[in-house]
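Below: one structure, written as structure tokens.
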Amino acid sequence: MSGRRGRALRGALLRAGAAALASPAVMGAIYVLALLAVARMRPIVGDHDEVLGADAHNVAEVVEVRFAGDVRRLTIAIAATGALVGAALGIAARALALWRERLGRRRPRGRLARAATTLGLVIALHAAWTLWAMARTPALFAEGWYLAGGARRTVQVIATDVLGPGGVLAVTIAALAFYVFDPPRLWRRYGGRLGGAAGGGGLARWTAALLAPIARRRRGDRGRRSAAPRQAVRRRAARRRAIRRGATAIAVLGAAGAAALALRAGATGDARARGGAAAGAGARRPNVLILAADSLRFDRLTPRTAPRLSELADRGTRFDRAYVSIPRTFPSWVTILTGRHAHHHGVRSMFARWEDRARDFDALPERLAGAGYQTAVISDYVGDIFTRIDLGFGEIDAPTFNFHELLRLRALERQTPLNPFFVSDVGRRAFPTMREHQSAADADLVADETIDALGRLGGAPFFLTVFFSTTHFPYAAKAPYYGRFTDPSYRGLYKYSKPVELGSSTSPPDDADVRQVRGLYDGAVASVDAAAGRVLDALERRGLADDTIVVVTADHGETLFEMGRLHGHGDHLFGDEGTHVPLVVFDPRRPGARRVDAIARDVDLAPTLYALTGVAPPADLDGRSLAPAIAGAALSPVLAYAETELWFNQPSGVPDDLRLPTTTLFWLAELDGAHGDEVVLRDEMRPLSIVQRHRMVRDERYKLIYAPTRGGVVYLLYDTIADPDEARDVAAEHPDVVARLKNDLWRWMLEDPSMRELHGYLVPRP
């Protein structure tokens with residue numbers, strides 16, 4: 001008996017297990033987990049990592065030894081997410097199968113057949129979801145699909161270039177309708193009488209049942225109308241006439257009241273305008289909205305790539321010659337918001353140490369907050385700098401940057417089966433690290449958050465900085481922008497994005513590659529412009545436009561293979577592409593289109609906003625206010641200065657004989673375990689990083705570059721008017737210009753209290 005009971009128990013357990021495995025949720029979870037297991041075969045940091053290059057092996061060792069616990073937790077979280085996503089797909093698949101069975105009045109199928117049908121639908125739903133996400137954000141899938149070649153490349157090209165997101169959605173809906181309603185079966189069963197076969201099954205029965213209540217209601221209405229007494233008809237007609245007369249009277253009175261209110265509002269507005277012209281800012285300080293985009297070049301603020309922002313520029317003051325002093329994001333933003341050069345505020349690298357960041361910067365947001373402003377900054381992945389430094393923003397809506405976040409990001413990058421979920425609203429909330437993903441940057445998400453912030457901040461004067469990332473490499477704009485300016489027949493490496501390999505040098509691309517990369521960049525600019533336009537529209541809708549100063553600018557520009565100088569920013573100062581940025585100030589209190597040809601600098605923006613808001617500035621600013629130019633006055637000539645930043649291995653476009661030797665990022669940086677494992681510059685490397693930099697000074701015609709080399713300091717002079725590409729050094733032809741600008745450059749460089757001159761080099765003090 002005991003043996004029979006044991007066998008019966010084992011049989012019951014086996015049947016229960018088989019039933020559980022055959023359930024839709026479990027089958028979906030198993031399928032997605034199997035895909036994740038295959039994707040997990042690729043390590044988080046491989047020996048041939050395309051970004052880290054030669055340092056990949058060293059980084060992998062650090063991850064294995066120091067962050068094994070993080071890797072385990074990430075694996076569990078991703079597996080749990082995969083199981084939930086798969087379960088949802090399984091439930092959806094079973095719902096579709098049941099719908100098909102009930103509409104077609106089919107008999108329930110056997111367990112095995114149901115399981116096979118559910119699994120097939122799970123595969124189809126996941127494939128359709130993947131294709132839709134792939135068509136919408138192709139750069140996110142390029143490594144696992146397009147760059148893999150073969151059939152996978154073909155699939156992605158069809159999804160992006162043939163179908164697009166709308167086409168994938170339409171094909172998916174058509175396929176699901178085809179499956180659920182089973183047209184071939186209905187055709188065989190009902191022939192050409194589908195529309196009128198009210199007593200049949202399938203689609204005809206469903207359609208007839210849907211339309212039957214409408215038909216009954218119409219028949220009842222006709223019967224009641226024919227049976228209604230004539231007196232009731234007359235009463236209804238009288239009521240309708242009375243209602244029409246009352247509505248007419250109300251409309252007339254309302255129109256008169258509206259006209260009176262409009263006249264009063266116009267008079268009040270005119271008086272307010274006259275008072276504003278006479279009294280400047282008036283009783284209420286203006287709002288300030290900065291719309292900035294990473295790597296936005298001056299020459300892209302045109303109707304072709306940025307119609308909304310260029311239209312705003314045509315109504316405001318456009319500074320045609322605005323320059324930044326360090327073309328890298330972190331030091332540039334600190335310069336913009338403090339009005340001081342980097343050798344004064346201390347943040348001179350993307351990997352600034354804690355002691356350089358933990359000081360009182362007395363920055364613009366802090367001063368405005370002290371004057372009663374609400375201050376906030378919103379950004380996606382390039383805005384992680386704002387969570388690493390306190391510049392006085394009351395609200396910071398930006399991602400976090402440290403090695404833990406980088407590790408999470410690399411783990412998510414290899415989970416391509418879950419990419420459709422990661423780029424959804426729910427996925428981004430579940431995995432906030434996706435905000436750090438360069439290939440998933442979405443300017444519309446930043447615009448959505450900005451529009452929400454305008455609703456929160458609209459009650460009092462606000463200072464809101466909005467920083468878009470999509471224009472930063474790899475220029476991974478979503479559909480339709482990624483293909484707006486590119487050649488659909490292009491099949492090179494940069495079909496959907498152009499990453500920068502920080503750990504190794506890259507060979508120059510061919511002409512088709514250059515055109516493709518420039519097209520991707522222009523598409524990224526267009527996507528940011530459209531998102532910024534939505535923010536400007538929200539200002540109008542909320543009635544804030546007349547009280548808001550809008551600034552359009554960038555932290556730096558971008559080199560896009562001009563004169564064989566490869567691409568990127570911060571590595572060199574040849575050409576103006578990396579340092580020349582747009583600068584537009586639209587002040588509704590001072591309307592009128594103005595174009596200013598005088599030099600403007602990043603250190604000038606903070607003094608300008610202090611002047612326009614009426615808030616007292618610090619006494620030690622390096623810049624000057626541009627407010628006189630906004631009011632129509634001329635600006636006196638000034639010089640613009642700049643320096644390069646860290647060189648990540650082989651610098652872009654800098655010959656070996658024009659630079660001091662350097663090392664890779666792995667040896668330049670370290671993890672600051674005392675402050676959240678942030679990636680910072682090694683303390684012993686700071687002097688080298690300062691000494692090796694190129695410096696620049698320019699007036700309205702000439703640019704002088706200081707380039708320290710092993711054989712001494714080299715000075716190069718370029719005539720930017722006669723030679724805008726800066727192809728020819730004219731230092732030997734204009735020694736007087738070299739001497740004049742050299743004196744100005746050394747005066748600026750020696751403002752750094754930690755540096756001195758030694759044998760012609762700028763070196764640290766003992």
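Chain identifiers are assigned as A, B, and so on, following the order in which chains appear in the structure tokens; residues are numbered from 1 within each chain, and ligands are numbered from 1 in order of appearance.
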Check your understanding: So which residues touch stretch 592-599 of chain A within 10 Å, counting only C-alpha atoms, skipping near sequence neighbours fewer than 3 positions away, as JSON, numbers by chain?
Key -> {"A": [312, 313, 314, 315, 316, 317, 318, 319, 320, 321, 322, 323, 584, 585, 586, 587, 588, 589, 626, 629, 630, 631, 632, 633, 634, 635, 636, 637, 638, 639, 640, 698, 699, 700]}
Can you write just those residues out, N, CA and C atoms, as a short mmCIF file (atom, residue, chain, number, x, y, z; two decimals), in the first residue's frame?
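Now in part.cif:
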data_model
loop_
_atom_site.label_atom_id
_atom_site.label_comp_id
_atom_site.auth_asym_id
_atom_site.auth_seq_id
_atom_site.Cartn_x
_atom_site.Cartn_y
_atom_site.Cartn_z
N LEU A 312 13.74 81.39 -32.31
CA LEU A 312 13.89 82.14 -31.07
C LEU A 312 15.08 83.09 -31.16
N ALA A 313 16.18 82.61 -31.75
CA ALA A 313 17.37 83.45 -31.91
C ALA A 313 17.08 84.67 -32.78
N ASP A 314 16.23 84.48 -33.78
CA ASP A 314 15.88 85.60 -34.66
C ASP A 314 15.04 86.66 -33.96
N ARG A 315 14.46 86.31 -32.81
CA ARG A 315 13.66 87.28 -32.05
C ARG A 315 14.42 87.86 -30.86
N GLY A 316 15.61 87.32 -30.58
CA GLY A 316 16.38 87.77 -29.44
C GLY A 316 17.74 88.29 -29.84
N THR A 317 18.69 88.20 -28.90
CA THR A 317 20.06 88.66 -29.14
C THR A 317 20.94 87.44 -29.37
N ARG A 318 21.51 87.37 -30.56
CA ARG A 318 22.37 86.24 -30.92
C ARG A 318 23.84 86.72 -30.91
N PHE A 319 24.65 86.05 -30.10
CA PHE A 319 26.08 86.36 -30.04
C PHE A 319 26.80 85.39 -30.98
N ASP A 320 27.28 85.93 -32.09
CA ASP A 320 27.83 85.09 -33.14
C ASP A 320 29.22 84.56 -32.85
N ARG A 321 29.90 85.12 -31.85
CA ARG A 321 31.26 84.69 -31.56
C ARG A 321 31.38 84.41 -30.07
N ALA A 322 30.71 83.34 -29.62
CA ALA A 322 30.76 82.93 -28.22
C ALA A 322 31.66 81.70 -28.09
N TYR A 323 32.54 81.70 -27.07
CA TYR A 323 33.53 80.65 -26.91
C TYR A 323 33.54 80.14 -25.47
N VAL A 584 22.36 82.57 -27.26
CA VAL A 584 21.19 83.39 -27.56
C VAL A 584 20.55 83.79 -26.24
N VAL A 585 20.23 85.05 -26.10
CA VAL A 585 19.49 85.53 -24.93
C VAL A 585 18.24 86.23 -25.43
N PHE A 586 17.09 85.65 -25.07
CA PHE A 586 15.81 86.28 -25.41
C PHE A 586 15.19 86.82 -24.13
N ASP A 587 15.14 88.15 -24.03
CA ASP A 587 14.54 88.82 -22.88
C ASP A 587 13.24 89.47 -23.35
N PRO A 588 12.07 88.97 -22.92
CA PRO A 588 10.80 89.53 -23.41
C PRO A 588 10.61 90.99 -23.04
N ARG A 589 11.37 91.49 -22.08
CA ARG A 589 11.26 92.90 -21.71
C ARG A 589 12.03 93.80 -22.68
N LEU A 626 26.91 91.01 -20.53
CA LEU A 626 26.55 91.27 -21.93
C LEU A 626 25.22 92.01 -22.03
N ALA A 629 24.72 94.83 -24.63
CA ALA A 629 24.47 94.40 -26.01
C ALA A 629 23.03 93.99 -26.20
N ILE A 630 22.42 93.39 -25.18
CA ILE A 630 21.03 92.99 -25.27
C ILE A 630 20.13 94.23 -25.36
N ALA A 631 20.58 95.32 -24.77
CA ALA A 631 19.83 96.58 -24.84
C ALA A 631 20.15 97.38 -26.09
N GLY A 632 21.09 96.89 -26.93
CA GLY A 632 21.40 97.56 -28.18
C GLY A 632 22.70 98.31 -28.21
N ALA A 633 23.47 98.32 -27.13
CA ALA A 633 24.74 99.05 -27.09
C ALA A 633 25.87 98.18 -27.62
N ALA A 634 26.97 98.81 -27.96
CA ALA A 634 28.14 98.09 -28.46
C ALA A 634 28.98 97.57 -27.29
N LEU A 635 29.71 96.47 -27.54
CA LEU A 635 30.61 95.91 -26.54
C LEU A 635 32.05 96.22 -26.92
N SER A 636 32.86 96.50 -25.92
CA SER A 636 34.29 96.72 -26.19
C SER A 636 34.98 95.38 -26.45
N PRO A 637 36.06 95.37 -27.23
CA PRO A 637 36.75 94.10 -27.56
C PRO A 637 37.37 93.46 -26.32
N VAL A 638 37.31 92.12 -26.27
CA VAL A 638 37.97 91.34 -25.22
C VAL A 638 38.66 90.15 -25.87
N LEU A 639 39.50 89.46 -25.09
CA LEU A 639 40.16 88.25 -25.55
C LEU A 639 39.46 87.03 -24.99
N ALA A 640 39.47 85.94 -25.74
CA ALA A 640 38.92 84.66 -25.28
C ALA A 640 40.07 83.68 -25.07
N ARG A 698 42.66 84.24 -28.19
CA ARG A 698 42.26 84.75 -29.50
C ARG A 698 41.61 86.12 -29.36
N ASP A 699 41.85 86.93 -30.38
CA ASP A 699 41.10 88.16 -30.51
C ASP A 699 40.12 87.98 -31.66
N GLU A 700 39.66 89.06 -32.22
CA GLU A 700 38.63 88.92 -33.25
C GLU A 700 39.19 88.46 -34.59
#
Review point. Just asking: which residues within stretch 508-699 of chain A are strand (DSSP E) according to DSSP, as a PyMOL selection string?
Key: chain A and resi 548-553+559-560+567-568+580-581+584-586+594-601+640-643+669-672+678-681+695-698
Export of the given selection (C-alpha atoms) as a PDB file, in the first residue's frame:
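out-v5.pdb, freshly written:
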ATOM      1  CA  THR A 548      10.884  84.412 -18.689  1.00  0.00           C
ATOM      2  CA  ILE A 549      14.366  85.128 -20.026  1.00  0.00           C
ATOM      3  CA  VAL A 550      15.370  82.232 -22.270  1.00  0.00           C
ATOM      4  CA  VAL A 551      19.039  81.406 -22.876  1.00  0.00           C
ATOM      5  CA  VAL A 552      20.196  78.946 -25.541  1.00  0.00           C
ATOM      6  CA  THR A 553      23.775  77.711 -25.288  1.00  0.00           C
ATOM      7  CA  THR A 559      34.783  68.383 -34.016  1.00  0.00           C
ATOM      8  CA  LEU A 560      33.375  66.319 -36.881  1.00  0.00           C
ATOM      9  CA  HIS A 567      35.893  63.835 -33.854  1.00  0.00           C
ATOM     10  CA  GLY A 568      35.137  64.663 -30.262  1.00  0.00           C
ATOM     11  CA  HIS A 580      32.605  77.948 -30.625  1.00  0.00           C
ATOM     12  CA  VAL A 581      29.078  77.566 -29.212  1.00  0.00           C
ATOM     13  CA  VAL A 584      21.193  83.387 -27.560  1.00  0.00           C
ATOM     14  CA  VAL A 585      19.494  85.533 -24.926  1.00  0.00           C
ATOM     15  CA  PHE A 586      15.810  86.278 -25.411  1.00  0.00           C
ATOM     16  CA  ARG A 594      20.070  91.723 -32.580  1.00  0.00           C
ATOM     17  CA  ARG A 595      23.254  90.051 -33.816  1.00  0.00           C
ATOM     18  CA  VAL A 596      26.429  90.781 -31.881  1.00  0.00           C
ATOM     19  CA  ASP A 597      29.792  90.176 -33.560  1.00  0.00           C
ATOM     20  CA  ALA A 598      31.937  91.019 -30.541  1.00  0.00           C
ATOM     21  CA  ILE A 599      33.567  88.143 -28.662  1.00  0.00           C
ATOM     22  CA  ALA A 600      31.489  86.640 -25.848  1.00  0.00           C
ATOM     23  CA  ARG A 601      32.759  84.010 -23.407  1.00  0.00           C
ATOM     24  CA  ALA A 640      38.919  84.660 -25.282  1.00  0.00           C
ATOM     25  CA  TYR A 641      41.020  81.958 -23.608  1.00  0.00           C
ATOM     26  CA  ALA A 642      40.804  78.186 -23.572  1.00  0.00           C
ATOM     27  CA  GLU A 643      42.669  75.041 -22.548  1.00  0.00           C
ATOM     28  CA  ALA A 669      41.923  57.735 -12.678  1.00  0.00           C
ATOM     29  CA  GLU A 670      41.070  55.832  -9.511  1.00  0.00           C
ATOM     30  CA  LEU A 671      38.034  54.979  -7.392  1.00  0.00           C
ATOM     31  CA  ASP A 672      37.405  57.237  -4.415  1.00  0.00           C
ATOM     32  CA  GLU A 678      33.398  57.859  -7.720  1.00  0.00           C
ATOM     33  CA  VAL A 679      35.876  57.844 -10.581  1.00  0.00           C
ATOM     34  CA  VAL A 680      38.384  60.651  -9.906  1.00  0.00           C
ATOM     35  CA  LEU A 681      41.742  61.781 -11.197  1.00  0.00           C
ATOM     36  CA  ARG A 695      46.272  76.714 -24.220  1.00  0.00           C
ATOM     37  CA  MET A 696      44.776  79.297 -26.543  1.00  0.00           C
ATOM     38  CA  VAL A 697      44.116  83.003 -26.698  1.00  0.00           C
ATOM     39  CA  ARG A 698      42.260  84.750 -29.499  1.00  0.00           C
TER      40      ARG A 698
END
Point to revise | 9 Å contact set for A:Asp604, only C-alpha atoms, chain neighbours under 4 positions out, as a PyMOL selection string | key: chain A and resi 336+339-340+600+608-609+621-626
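Near stretch 486-490 of chain A, within a cut-off of 8 Å and counting only C-alpha atoms, sit the residues Asp161, Ala512, Arg515, Gln516, Gly519 and Leu520 of chain A, with same-chain residues fewer than 6 positions away left out.
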Exercise for review: Extract, using only C-alpha atoms, all DNA, RNA and protein residues at most 12 Å from A:Asn743, discarding same-chain residues fewer than 5 positions from it, and format them as a VMD selection string.
Suggested key: chain A and resid 696 to 697 704 706 736 to 738 748 to 750
Atoms to include: N, CA and C atoms. Write the selected residues as a PDB file, in the first residue's frame.
ATOM      1  N   MET A 696      45.101  78.462 -25.391  1.00  0.00           N
ATOM      2  CA  MET A 696      44.776  79.297 -26.543  1.00  0.00           C
ATOM      3  C   MET A 696      44.323  80.673 -26.079  1.00  0.00           C
ATOM      4  N   VAL A 697      44.672  81.673 -26.850  1.00  0.00           N
ATOM      5  CA  VAL A 697      44.116  83.003 -26.698  1.00  0.00           C
ATOM      6  C   VAL A 697      43.759  83.503 -28.090  1.00  0.00           C
ATOM      7  N   LEU A 704      46.276  82.300 -31.073  1.00  0.00           N
ATOM      8  CA  LEU A 704      47.601  81.797 -30.724  1.00  0.00           C
ATOM      9  C   LEU A 704      47.445  80.564 -29.838  1.00  0.00           C
ATOM     10  N   TYR A 706      49.413  77.661 -27.499  1.00  0.00           N
ATOM     11  CA  TYR A 706      50.588  77.249 -26.730  1.00  0.00           C
ATOM     12  C   TYR A 706      50.563  75.736 -26.646  1.00  0.00           C
ATOM     13  N   ASP A 736      55.020  90.171 -34.421  1.00  0.00           N
ATOM     14  CA  ASP A 736      54.463  91.168 -33.515  1.00  0.00           C
ATOM     15  C   ASP A 736      53.150  90.689 -32.909  1.00  0.00           C
ATOM     16  N   VAL A 737      52.317  90.029 -33.720  1.00  0.00           N
ATOM     17  CA  VAL A 737      51.054  89.486 -33.208  1.00  0.00           C
ATOM     18  C   VAL A 737      51.331  88.373 -32.208  1.00  0.00           C
ATOM     19  N   VAL A 738      52.318  87.514 -32.521  1.00  0.00           N
ATOM     20  CA  VAL A 738      52.681  86.437 -31.602  1.00  0.00           C
ATOM     21  C   VAL A 738      53.125  87.017 -30.265  1.00  0.00           C
ATOM     22  N   TRP A 748      47.232  85.413 -18.425  1.00  0.00           N
ATOM     23  CA  TRP A 748      46.076  84.605 -18.042  1.00  0.00           C
ATOM     24  C   TRP A 748      46.502  83.302 -17.371  1.00  0.00           C
ATOM     25  N   MET A 749      47.511  82.634 -17.932  1.00  0.00           N
ATOM     26  CA  MET A 749      47.935  81.352 -17.364  1.00  0.00           C
ATOM     27  C   MET A 749      48.503  81.525 -15.965  1.00  0.00           C
ATOM     28  N   LEU A 750      49.203  82.616 -15.719  1.00  0.00           N
ATOM     29  CA  LEU A 750      49.806  82.824 -14.404  1.00  0.00           C
ATOM     30  C   LEU A 750      48.816  83.348 -13.368  1.00  0.00           C
TER      31      LEU A 750
END
Closest-contact table, stretch 464-522 of chain A side, partner stretch 436-455 of chain A, 10 Å, counting only C-alpha atoms, as a Markdown table:
| residue | atom | partner | partner_atom | distance |
| --- | --- | --- | --- | --- |
| A:Leu464 | CA | A:Thr450 | CA | 8.6 |
| A:Thr465 | CA | A:Thr450 | CA | 9.2 |
| A:Val466 | CA | A:Thr450 | CA | 7.2 |
| A:Phe467 | CA | A:Val446 | CA | 8.1 |
| A:Phe468 | CA | A:Ala443 | CA | 6.2 |
| A:Ser469 | CA | A:Ala441 | CA | 6.5 |
| A:Thr470 | CA | A:Ala441 | CA | 5.5 |
| A:Thr471 | CA | A:Ala441 | CA | 9.2 |
| A:His472 | CA | A:Gln438 | CA | 8.3 |
| A:Phe473 | CA | A:Gln438 | CA | 7.7 |
| A:Pro474 | CA | A:Gln438 | CA | 6.8 |
| A:Tyr475 | CA | A:Ser439 | CA | 7.9 |
| A:Ala476 | CA | A:Ser439 | CA | 5.3 |
| A:Ala477 | CA | A:Ala441 | CA | 6.9 |
| A:Lys478 | CA | A:Asp442 | CA | 6.8 |
| A:Tyr496 | CA | A:Ser439 | CA | 9.4 |
| A:Ser497 | CA | A:Ser439 | CA | 7.8 |
| A:Lys498 | CA | A:Ser439 | CA | 9.8 |
| A:Pro499 | CA | A:Gln438 | CA | 8.9 |
Close residues, stretch 70-84 of chain A itself excluded, 6 Å, only C-alpha atoms, min 3 positions apart in chain, as a PDB file with C-alpha atoms, in the first residue's frame:
ATOM      1  CA  ALA A  29       9.128  33.438 -17.879  1.00  0.00           C
ATOM      2  CA  VAL A  32      12.710  35.171 -21.491  1.00  0.00           C
ATOM      3  CA  LEU A  33      15.073  33.711 -18.875  1.00  0.00           C
ATOM      4  CA  PHE A  67      32.377  44.398  -7.024  1.00  0.00           C
ATOM      5  CA  ALA A  87       5.069  36.033 -17.285  1.00  0.00           C
TER       6      ALA A  87
END
Review point. Where in stretch 504-657 of chain A does DSSP assign helix (DSSP H, G or I), given as number ranges by chain?
Key: A: 511-541, 545-547, 562-564, 602-613, 627-630, 656-657
Kindly save the residues from that selection, with C-alpha atoms included, as a PDB file, in the first residue's frame.
ATOM      1  CA  ASP A 511      34.083  59.944 -46.842  1.00  0.00           C
ATOM      2  CA  ALA A 512      30.876  57.915 -46.521  1.00  0.00           C
ATOM      3  CA  ASP A 513      31.539  57.407 -42.800  1.00  0.00           C
ATOM      4  CA  VAL A 514      32.102  61.131 -42.312  1.00  0.00           C
ATOM      5  CA  ARG A 515      28.857  62.007 -44.075  1.00  0.00           C
ATOM      6  CA  GLN A 516      27.008  59.421 -41.980  1.00  0.00           C
ATOM      7  CA  VAL A 517      28.380  60.673 -38.671  1.00  0.00           C
ATOM      8  CA  ARG A 518      27.581  64.268 -39.546  1.00  0.00           C
ATOM      9  CA  GLY A 519      24.066  63.203 -40.525  1.00  0.00           C
ATOM     10  CA  LEU A 520      23.617  61.393 -37.201  1.00  0.00           C
ATOM     11  CA  TYR A 521      24.802  64.509 -35.383  1.00  0.00           C
ATOM     12  CA  ASP A 522      22.402  66.726 -37.310  1.00  0.00           C
ATOM     13  CA  GLY A 523      19.541  64.347 -36.518  1.00  0.00           C
ATOM     14  CA  ALA A 524      20.444  64.538 -32.832  1.00  0.00           C
ATOM     15  CA  VAL A 525      20.359  68.342 -33.038  1.00  0.00           C
ATOM     16  CA  ALA A 526      16.929  68.181 -34.690  1.00  0.00           C
ATOM     17  CA  SER A 527      15.601  65.920 -31.924  1.00  0.00           C
ATOM     18  CA  VAL A 528      16.790  68.317 -29.231  1.00  0.00           C
ATOM     19  CA  ASP A 529      15.340  71.267 -31.140  1.00  0.00           C
ATOM     20  CA  ALA A 530      11.919  69.607 -31.312  1.00  0.00           C
ATOM     21  CA  ALA A 531      12.019  68.834 -27.587  1.00  0.00           C
ATOM     22  CA  ALA A 532      13.110  72.384 -26.762  1.00  0.00           C
ATOM     23  CA  GLY A 533      10.240  73.645 -28.918  1.00  0.00           C
ATOM     24  CA  ARG A 534       7.813  71.674 -26.740  1.00  0.00           C
ATOM     25  CA  VAL A 535       9.257  73.407 -23.666  1.00  0.00           C
ATOM     26  CA  LEU A 536       8.825  76.814 -25.305  1.00  0.00           C
ATOM     27  CA  ASP A 537       5.223  75.924 -26.177  1.00  0.00           C
ATOM     28  CA  ALA A 538       4.615  74.956 -22.550  1.00  0.00           C
ATOM     29  CA  LEU A 539       5.916  78.368 -21.449  1.00  0.00           C
ATOM     30  CA  GLU A 540       3.290  79.987 -23.685  1.00  0.00           C
ATOM     31  CA  ARG A 541       0.461  77.723 -22.510  1.00  0.00           C
ATOM     32  CA  ALA A 545       6.628  83.391 -21.685  1.00  0.00           C
ATOM     33  CA  ASP A 546       6.267  87.135 -21.046  1.00  0.00           C
ATOM     34  CA  ASP A 547       8.111  86.839 -17.715  1.00  0.00           C
ATOM     35  CA  GLU A 562      37.273  68.797 -40.157  1.00  0.00           C
ATOM     36  CA  MET A 563      40.778  68.950 -41.637  1.00  0.00           C
ATOM     37  CA  GLY A 564      41.468  65.327 -40.648  1.00  0.00           C
ATOM     38  CA  ASP A 602      31.403  81.355 -21.082  1.00  0.00           C
ATOM     39  CA  VAL A 603      32.487  83.454 -18.066  1.00  0.00           C
ATOM     40  CA  ASP A 604      30.223  86.259 -19.326  1.00  0.00           C
ATOM     41  CA  LEU A 605      26.900  84.433 -18.953  1.00  0.00           C
ATOM     42  CA  ALA A 606      26.675  84.528 -15.145  1.00  0.00           C
ATOM     43  CA  PRO A 607      27.431  88.300 -14.948  1.00  0.00           C
ATOM     44  CA  THR A 608      24.832  88.852 -17.668  1.00  0.00           C
ATOM     45  CA  LEU A 609      22.115  87.000 -15.758  1.00  0.00           C
ATOM     46  CA  TYR A 610      23.022  88.792 -12.543  1.00  0.00           C
ATOM     47  CA  ALA A 611      22.456  92.076 -14.378  1.00  0.00           C
ATOM     48  CA  LEU A 612      19.192  90.985 -16.030  1.00  0.00           C
ATOM     49  CA  THR A 613      17.695  89.632 -12.790  1.00  0.00           C
ATOM     50  CA  ALA A 627      23.372  93.112 -20.898  1.00  0.00           C
ATOM     51  CA  PRO A 628      24.404  96.322 -22.715  1.00  0.00           C
ATOM     52  CA  ALA A 629      24.473  94.403 -26.010  1.00  0.00           C
ATOM     53  CA  ILE A 630      21.025  92.989 -25.271  1.00  0.00           C
ATOM     54  CA  ASP A 656      52.889  63.240 -31.472  1.00  0.00           C
ATOM     55  CA  ASP A 657      55.418  66.026 -32.015  1.00  0.00           C
TER      56      ASP A 657
END
